[in-house]
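First comes the structure, then the notes that go with it.
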Amino acid sequence: MSSQLTRLVDPHTGASNRRLAWLAARPDGAPAGSAYLRLFTAAGEEHLAELDLHVHPAERRAGVGSRLLAAALAAAREEGRRCVTAEAEAGTPGEAFLAARGFRPALGLTFTRLPLAGADPAVVAAALAAPHPGYRLVSWEGVVPDELAETFAASRRAMDDMPMDGLDYRPAPWDVARVRAAAEAIARRGELLHTVAAVDEADGTIVGFTELVVAGDGTGDGQHYGTGVLPEHRGRGLGRRMKAEMIRLVRERHPDLGGLLADTADGNTHMRAINDAFGYVPTHRTVRYRLDL
């Protein structure tokens with residue numbers, strides 16, 4: 001049976017992106033698959049689109065995915081996009097689908113989880129006790145305090161050189177408005193944003209940070225967001241110390257939290273080594289594919 005595509009109105013509009021959506025349905029109206037195309041709008045990202053495509057297992061190998069993909073790619077071209085990315089778990093039909101249609105692998109991501117009940121407190125304590133002369137840690141929940149806003153926004157360039165392998169991606173600049181908007185968006189979802197930052201005591205500027213998002217009720221698993229240290233302050237163990245403080249903080253603040261989730265680029269060997277030292281366990285691996293239009 002041939003599927004029918006319906007263009008949907010997606011109300012989701014972020015501060016730096018908007019989405020297009022399609023639903024594939026069988027003639028009897030039963031849903032068969034969906035596709036979302038995220039169009040990035042921030043400076044330096046206007047050439048990018050991100051595809052999220054799913055087909056119900058019972059409807060696969062019947063052309064549903066190909067029709068959804070064709071619709072999404074046509075829209076991407078109409079929107080002037082030059083590159084479309086999509087992610088699939090390694091070894092799944094989704095990976096084979098993308099590869100067969102001209103997408104090429106660009107970035108591998110390894111997903112890990114730290115079960116808090118099994119985390120070794122001695123390892124965390126040792127990381128916190130290691131000397132870091134000239135630096136101190138600060139932390140906050142939600143929107144960055146006004147007195148730290150400017151220096152925190154400036155510290156976001158610590159992520160500019162994160163490994164992106166073959167992705168055509170140039171980080172958009174951060175300012176105070178964008179930092180606050182991101183934190184406010186998390187709060188609107190009913191979630192809690194925790195931030196730990198390293199401060200250079202010589203001038204009071206933030207030189208590194210790590211972020212974690214937790215469900216509003218403090219249960220389930222927390223999700224690591226960005227972790228970075230400015231290039232001129234690397235090699236001093238600040239990344240390890242900030243992560244240790246985050247683990248200590250959330251264990252104290254959220255005793256019912258189950259674990260912490262992280263995803264790390266395969267090329268980011270330094271951060272992977274930090275996670276390994278704290279006991280993060282790999283759960284699965286995905287591959288980010290790209291197609292140049």
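Residue numbers start at 1 in each chain; chains themselves are named A, B, ... in the order of the structure tokens; ligands are numbered from 1 in the order shown.
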For A:Phe278: contacts at 12 Å, only C-alpha atoms, fewer than 6 positions along chain excluded, given as a list of chain:residue names: A:Thr112, A:Arg113, A:Leu114, A:Pro115, A:Leu116, A:Gly118, A:Ala119, A:Asp120, A:Pro121, A:Ala122, A:Val123, A:Val124, A:Ala125, A:Ala126, A:Ala127, A:Arg240, A:Arg241, A:Lys243, A:Ala244, A:Glu245, A:Met246, A:Ile247, A:Arg248, A:Leu260, A:Met271, A:Arg272
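When the distance limit is 7 Å and only C-alpha atoms are what count, the residues near A:Trp22, minus those fewer than 2 positions from it on the same chain, are Leu5, Thr6, Arg7, Leu8, Ala24, Ser34, Ala35 and Tyr36 of chain A.
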All strand (DSSP E or B) residues (DSSP, backbone) inside stretch 29-249 of chain A, as a VMD selection string: chain A and resid 31 to 40 48 to 55 83 to 89 104 to 115 135 to 141 191 to 200 205 to 215 221 to 229
Option closest in space to A:Leu109, from A:Ala43, A:Ala70, A:Ala90, A:Ala96 [counting only C-alpha atoms]: A:Ala90
Shell around stretch 130-144 of chain A at 6 Å using only C-alpha atoms, local window under 2 positions removed, as a PyMOL selection string: chain A and resi 127-128+149+180+183+193-201
Selected residues written out with all heavy atoms, as an mmCIF file, in the first residue's frame:
```cif
data_model
loop_
_atom_site.group_PDB
_atom_site.id
_atom_site.type_symbol
_atom_site.label_atom_id
_atom_site.label_comp_id
_atom_site.auth_asym_id
_atom_site.auth_seq_id
_atom_site.Cartn_x
_atom_site.Cartn_y
_atom_site.Cartn_z
ATOM 1 N N ALA A 127 39.959 13.795 42.968
ATOM 2 C CA ALA A 127 39.975 14.828 41.934
ATOM 3 C C ALA A 127 39.757 16.208 42.530
ATOM 4 O O ALA A 127 40.356 17.195 42.102
ATOM 5 C CB ALA A 127 38.913 14.528 40.878
ATOM 6 N N LEU A 128 38.894 16.300 43.529
ATOM 7 C CA LEU A 128 38.629 17.586 44.170
ATOM 8 C C LEU A 128 39.794 18.023 45.050
ATOM 9 O O LEU A 128 40.031 19.225 45.220
ATOM 10 C CB LEU A 128 37.355 17.493 45.010
ATOM 11 C CG LEU A 128 36.054 17.365 44.227
ATOM 12 C CD1 LEU A 128 34.883 17.101 45.159
ATOM 13 C CD2 LEU A 128 35.803 18.628 43.396
ATOM 14 N N ALA A 149 27.662 36.964 34.262
ATOM 15 C CA ALA A 149 27.079 36.744 32.938
ATOM 16 C C ALA A 149 28.052 37.051 31.805
ATOM 17 O O ALA A 149 28.210 36.259 30.864
ATOM 18 C CB ALA A 149 25.806 37.575 32.784
ATOM 19 N N ARG A 180 21.429 33.418 28.547
ATOM 20 C CA ARG A 180 20.220 33.479 29.374
ATOM 21 C C ARG A 180 19.048 32.787 28.693
ATOM 22 O O ARG A 180 18.268 32.083 29.351
ATOM 23 C CB ARG A 180 19.885 34.942 29.667
ATOM 24 C CG ARG A 180 20.836 35.585 30.674
ATOM 25 C CD ARG A 180 20.558 37.057 30.844
ATOM 26 N NE ARG A 180 21.353 37.640 31.923
ATOM 27 C CZ ARG A 180 21.664 38.919 32.005
ATOM 28 N NH1 ARG A 180 21.236 39.771 31.085
ATOM 29 N NH2 ARG A 180 22.386 39.369 33.027
ATOM 30 N N ALA A 183 19.233 28.987 29.136
ATOM 31 C CA ALA A 183 18.857 28.554 30.488
ATOM 32 C C ALA A 183 17.359 28.695 30.714
ATOM 33 O O ALA A 183 16.730 27.834 31.352
ATOM 34 C CB ALA A 183 19.631 29.374 31.521
ATOM 35 N N LEU A 193 18.924 23.290 35.383
ATOM 36 C CA LEU A 193 20.257 23.417 34.796
ATOM 37 C C LEU A 193 21.259 23.737 35.904
ATOM 38 O O LEU A 193 21.118 24.741 36.603
ATOM 39 C CB LEU A 193 20.275 24.525 33.748
ATOM 40 C CG LEU A 193 21.655 24.933 33.205
ATOM 41 C CD1 LEU A 193 22.304 23.761 32.462
ATOM 42 C CD2 LEU A 193 21.536 26.158 32.286
ATOM 43 N N HIS A 194 22.246 22.851 36.055
ATOM 44 C CA HIS A 194 23.324 23.078 37.021
ATOM 45 C C HIS A 194 24.605 23.419 36.258
ATOM 46 O O HIS A 194 24.928 22.763 35.259
ATOM 47 C CB HIS A 194 23.570 21.837 37.879
ATOM 48 C CG HIS A 194 22.447 21.498 38.796
ATOM 49 N ND1 HIS A 194 22.192 22.208 39.951
ATOM 50 C CD2 HIS A 194 21.490 20.532 38.734
ATOM 51 C CE1 HIS A 194 21.143 21.695 40.567
ATOM 52 N NE2 HIS A 194 20.687 20.679 39.844
ATOM 53 N N THR A 195 25.338 24.419 36.739
ATOM 54 C CA THR A 195 26.595 24.815 36.116
ATOM 55 C C THR A 195 27.681 24.910 37.175
ATOM 56 O O THR A 195 27.469 25.478 38.247
ATOM 57 C CB THR A 195 26.471 26.177 35.406
ATOM 58 O OG1 THR A 195 25.399 26.135 34.469
ATOM 59 C CG2 THR A 195 27.764 26.521 34.662
ATOM 60 N N VAL A 196 28.821 24.323 36.867
ATOM 61 C CA VAL A 196 30.034 24.481 37.675
ATOM 62 C C VAL A 196 31.060 25.151 36.781
ATOM 63 O O VAL A 196 31.260 24.734 35.631
ATOM 64 C CB VAL A 196 30.567 23.130 38.184
ATOM 65 C CG1 VAL A 196 31.927 23.308 38.862
ATOM 66 C CG2 VAL A 196 29.580 22.481 39.148
ATOM 67 N N ALA A 197 31.709 26.199 37.290
ATOM 68 C CA ALA A 197 32.679 26.941 36.489
ATOM 69 C C ALA A 197 33.979 27.117 37.258
ATOM 70 O O ALA A 197 33.996 27.172 38.495
ATOM 71 C CB ALA A 197 32.111 28.308 36.096
ATOM 72 N N ALA A 198 35.079 27.192 36.502
ATOM 73 C CA ALA A 198 36.399 27.473 37.069
ATOM 74 C C ALA A 198 36.722 28.941 36.845
ATOM 75 O O ALA A 198 36.575 29.459 35.730
ATOM 76 C CB ALA A 198 37.459 26.591 36.413
ATOM 77 N N VAL A 199 37.162 29.603 37.913
ATOM 78 C CA VAL A 199 37.465 31.028 37.867
ATOM 79 C C VAL A 199 38.960 31.239 38.060
ATOM 80 O O VAL A 199 39.573 30.656 38.975
ATOM 81 C CB VAL A 199 36.685 31.782 38.962
ATOM 82 C CG1 VAL A 199 37.088 33.258 39.007
ATOM 83 C CG2 VAL A 199 35.181 31.644 38.725
ATOM 84 N N ASP A 200 39.548 32.072 37.200
ATOM 85 C CA ASP A 200 40.944 32.471 37.338
ATOM 86 C C ASP A 200 41.015 33.535 38.429
ATOM 87 O O ASP A 200 40.475 34.632 38.275
ATOM 88 C CB ASP A 200 41.453 33.025 36.007
ATOM 89 C CG ASP A 200 42.927 33.384 36.042
ATOM 90 O OD1 ASP A 200 43.533 33.364 37.135
ATOM 91 O OD2 ASP A 200 43.482 33.713 34.977
ATOM 92 N N GLU A 201 41.672 33.224 39.541
ATOM 93 C CA GLU A 201 41.707 34.158 40.659
ATOM 94 C C GLU A 201 42.506 35.413 40.361
ATOM 95 O O GLU A 201 42.359 36.428 41.060
ATOM 96 C CB GLU A 201 42.274 33.450 41.898
ATOM 97 C CG GLU A 201 41.345 32.348 42.421
ATOM 98 C CD GLU A 201 41.850 31.710 43.685
ATOM 99 O OE1 GLU A 201 43.086 31.556 43.818
ATOM 100 O OE2 GLU A 201 41.025 31.368 44.559
#
```
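Restricting the calculation to only C-alpha atoms, the smallest distance between A:His233 and any of A:Val213, A:Leu257, A:Ala265, A:Ala158 is found for A:Ala158.
Taking only C-alpha atoms into account, A:Leu230 lies nearest to A:Ser155 out of the set A:Gln4, A:Ser16, A:Thr210, A:Ser155.
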Residue list (alpha helix (DSSP H), DSSP) for stretch 14-159 of chain A, as a PyMOL selection string: chain A and resi 64-78+93-100+121-129+146-155
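Excluding A:Asp146 itself and same-chain residues fewer than 6 positions from it, the residues having an atom within 12 Å of it are A:Trp140, A:Phe152, A:Ala153, A:Val176, A:Ala177, A:Val179, A:Arg180, counting only C-alpha atoms.
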Dump as a tab-separated table the rows for residues of stretch 232-288 of chain A within 10 Å of stretch 206-209 of chain A: closest atom pair and distance in Å with one decimal, only C-alpha atoms counted, ordered by chain and rising residue number.
```
residue	atom	partner	partner_atom	distance
A:Glu232	CA	A:Val207	CA	8.7
A:His233	CA	A:Val207	CA	6.9
A:Arg234	CA	A:Gly208	CA	9.1
A:Leu238	CA	A:Gly208	CA	7.4
A:Gly239	CA	A:Gly208	CA	7.4
A:Met242	CA	A:Phe209	CA	7.0
A:Lys243	CA	A:Phe209	CA	8.9
```
Contacts of A:Ala215 at 8 Å (only C-alpha atoms; same-chain gap of 3+ positions) as a ChimeraX atom specification: /A:190-192,218-222
I need the residues from that last selection saved to file as a PDB file, in the first residue's frame (with all heavy atoms), if you can.
```pdb
ATOM      1  N   GLY A 190      10.612  22.585  32.478  1.00  0.00           N
ATOM      2  CA  GLY A 190      10.461  22.006  33.800  1.00  0.00           C
ATOM      3  C   GLY A 190      11.697  21.289  34.287  1.00  0.00           C
ATOM      4  O   GLY A 190      11.619  20.473  35.220  1.00  0.00           O
ATOM      5  N   GLU A 191      12.844  21.579  33.689  1.00  0.00           N
ATOM      6  CA  GLU A 191      14.092  20.929  34.065  1.00  0.00           C
ATOM      7  C   GLU A 191      15.006  21.909  34.793  1.00  0.00           C
ATOM      8  O   GLU A 191      14.810  23.130  34.756  1.00  0.00           O
ATOM      9  CB  GLU A 191      14.795  20.371  32.823  1.00  0.00           C
ATOM     10  CG  GLU A 191      13.986  19.295  32.113  1.00  0.00           C
ATOM     11  CD  GLU A 191      14.600  18.851  30.809  1.00  0.00           C
ATOM     12  OE1 GLU A 191      15.140  19.704  30.072  1.00  0.00           O
ATOM     13  OE2 GLU A 191      14.537  17.649  30.513  1.00  0.00           O
ATOM     14  N   LEU A 192      16.029  21.357  35.448  1.00  0.00           N
ATOM     15  CA  LEU A 192      16.971  22.151  36.232  1.00  0.00           C
ATOM     16  C   LEU A 192      18.339  22.134  35.562  1.00  0.00           C
ATOM     17  O   LEU A 192      18.852  21.062  35.221  1.00  0.00           O
ATOM     18  CB  LEU A 192      17.092  21.591  37.658  1.00  0.00           C
ATOM     19  CG  LEU A 192      15.798  21.466  38.454  1.00  0.00           C
ATOM     20  CD1 LEU A 192      16.064  20.762  39.778  1.00  0.00           C
ATOM     21  CD2 LEU A 192      15.183  22.847  38.696  1.00  0.00           C
ATOM     22  N   GLY A 218      14.095  15.723  40.129  1.00  0.00           N
ATOM     23  CA  GLY A 218      15.365  15.182  40.599  1.00  0.00           C
ATOM     24  C   GLY A 218      15.510  13.685  40.480  1.00  0.00           C
ATOM     25  O   GLY A 218      16.352  13.088  41.160  1.00  0.00           O
ATOM     26  N   THR A 219      14.717  13.047  39.613  1.00  0.00           N
ATOM     27  CA  THR A 219      14.805  11.603  39.436  1.00  0.00           C
ATOM     28  C   THR A 219      15.283  11.281  38.022  1.00  0.00           C
ATOM     29  O   THR A 219      15.511  12.165  37.207  1.00  0.00           O
ATOM     30  CB  THR A 219      13.443  10.933  39.681  1.00  0.00           C
ATOM     31  OG1 THR A 219      12.504  11.411  38.711  1.00  0.00           O
ATOM     32  CG2 THR A 219      12.931  11.254  41.075  1.00  0.00           C
ATOM     33  N   GLY A 220      15.415   9.985  37.724  1.00  0.00           N
ATOM     34  CA  GLY A 220      15.869   9.568  36.408  1.00  0.00           C
ATOM     35  C   GLY A 220      17.369   9.787  36.269  1.00  0.00           C
ATOM     36  O   GLY A 220      18.130   9.658  37.229  1.00  0.00           O
ATOM     37  N   ASP A 221      17.799  10.124  35.069  1.00  0.00           N
ATOM     38  CA  ASP A 221      19.209  10.366  34.792  1.00  0.00           C
ATOM     39  C   ASP A 221      19.419  11.824  34.396  1.00  0.00           C
ATOM     40  O   ASP A 221      18.621  12.384  33.634  1.00  0.00           O
ATOM     41  CB  ASP A 221      19.705   9.470  33.656  1.00  0.00           C
ATOM     42  CG  ASP A 221      19.843   8.014  34.081  1.00  0.00           C
ATOM     43  OD1 ASP A 221      19.954   7.765  35.296  1.00  0.00           O
ATOM     44  OD2 ASP A 221      19.843   7.141  33.194  1.00  0.00           O
ATOM     45  N   GLY A 222      20.486  12.427  34.879  1.00  0.00           N
ATOM     46  CA  GLY A 222      20.868  13.756  34.440  1.00  0.00           C
ATOM     47  C   GLY A 222      21.635  13.679  33.134  1.00  0.00           C
ATOM     48  O   GLY A 222      22.282  12.666  32.837  1.00  0.00           O
TER      49      GLY A 222
END
```
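Of the residues under consideration (A:Gly80, A:Pro173, A:Pro27, A:Gly94), A:Gly94 shows the shortest atom-to-atom contact distance to A:Asp52 when counting only C-alpha atoms.
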Within 7 Å of A:Gly226 using only C-alpha atoms, minus same-chain residues under 2 positions, as a PyMOL selection string: chain A and resi 210-211+224+228
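Compared by their closest atoms to A:Gly33, and using only C-alpha atoms, the residues A:Asp292, A:Asp203, A:Glu59, A:Glu87 rank with A:Glu59 nearest.
Distances here use only C-alpha atoms; by that measure, the residue among A:Arg178, A:Ala86, A:Val9, A:Gly108 closest to A:Ala42 is A:Arg178.
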Pairwise distance for atom CA of A:Ala88 and atom CA of A:Tyr289, rounded to one decimal in Å: 7.9 Å
